[in-house]
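One structure below.
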Amino acid sequence: LHGSHGKGERPKGSRMVLGANVVAKVEGKSEKTIVITGHIDHLGIINGKIYNGADDDASGTAALLAIADYFQRNPPNHTLIFAAVDGEEIGSPGAKYLLQNFPGGKENIVLNVNMDMIAHNDKELYACGMFHYPELKAINSAIESPNQISFGHDDPGDKTKDDWTNSSDHRVFHLAGIPFMYFGVEDHEDYHRPTDTYENINPDFFIEAVKVIIKAIENFDNA
């Protein structure tokens, strides 16, 4: 993976690094595929300080494992690809490589579910992408959870919220015309800081967030 920040050139002082995606598959009854993603990279060591990325995005990677375990025990209709992708922080080369080299061709992909920062909040989880793909809104509107499930951060005309349409790996799928649901929380005081550690996430919120995402996938899978 080339640390290019998505612009094609190496930033000053950067170096070439190697990266890898970790991918698993749960066979469904159909070749139509849902790709579920979370990124495994973070910022590394800066000025001698370790940036652990507990929320960004160890939370998404841990959720991938839990969700894969659930669907291995509860076989889906769609085929599910679980991809812990590398390089999100430098322009998503891992997600791009996955899509460009997708086995059997990307035409079978009907949805991307991306998770990036789903553990550091007390009440509110955003399901983003419904502005672009309004047919997906009912899937999330019907989910009950102790967490508040909110919509937004995807309408470029809404100046009250940042637009997350291109904020993480789901943009790679969106730009290819593949619908996405992106789950995440608002930026917090530990975002991109060495303090983004396990001690500062909310385990109860995280567990309920994973349950919401499993239900969203199930609702789409059975629709």
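Following the order of the structure tokens, first chain is A, next is B, and so on, with residues numbered from 1 inside each chain and ligands from 1 in the order they appear.
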Could you pull the residues within 6 Å of A:His153, counting only C-alpha atoms, minus those fewer than 6 positions along the same chain, as a VMD selection string? chain A and resid 161 to 164
Which residues come within 9 Å of A:Tyr198, counting only C-alpha atoms, excluding same-chain residues fewer than 5 positions away, as a list in words? Asn52, Gly53, Ala54, Asp55 and Pro203 of chain A
Cut-off 8 Å: closest stretch 71-128 of chain A/stretch 136-152 of chain A atom pairs per residue, using only C-alpha atoms, as a Markdown table:
```
| residue | atom | partner | partner_atom | distance |
| --- | --- | --- | --- | --- |
| A:Asp122 | CA | A:Asn147 | CA | 8.0 |
| A:Lys123 | CA | A:Asn147 | CA | 4.9 |
| A:Glu124 | CA | A:Gln148 | CA | 4.6 |
| A:Leu125 | CA | A:Ile149 | CA | 5.1 |
| A:Tyr126 | CA | A:Ser150 | CA | 4.7 |
| A:Ala127 | CA | A:Phe151 | CA | 5.3 |
| A:Cys128 | CA | A:Gly152 | CA | 5.8 |
```
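Selecting alpha helix (DSSP H) from the backbone DSSP output for stretch 53-154 of chain A yields Ser59, Gly60, Thr61, Ala62, Ala63, Leu64, Leu65, Ala66, Ile67, Ala68, Asp69, Tyr70, Phe71, Gln72, Arg73, Pro93, Gly94, Ala95, Lys96, Tyr97, Leu98, Leu99, Gln100, Lys137, Ala138, Ile139, Asn140 and Ser141 of chain A.
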Report the residues of stretch 46-222 of chain A whose backbone DSSP state falls under strand (DSSP E), written as a ChimeraX atom specification. /A:46,49-51,79-85,109-115,124-128,148-151,180-184
Here is a test: counting only C-alpha atoms, which residue of A:Arg171, A:Lys159, A:His120, A:Lys25 is nearest to A:His188? A:His120
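Among the candidates A:Val17, A:Ile217, A:Val172, A:Met181, the residue lying nearest to A:Gln100 is A:Val172 (atoms considered: only C-alpha atoms).
The smallest atom-to-atom distance between A:Asp204 and any of A:Ala176, A:Asn166, A:Ile118, A:Ile109, using only C-alpha atoms, is found for A:Ile118.
The nearest approach to A:Tyr182 among the residues A:Ile45, A:Ala58, A:Ala68, A:Val35, with only C-alpha atoms taken into account, belongs to A:Val35.
Minimum atom-to-atom distances from A:Val26, A:Ala20, A:Val185, A:Ile178 to A:Pro93 were compared using only C-alpha atoms, and the lowest value belongs to A:Ala20.
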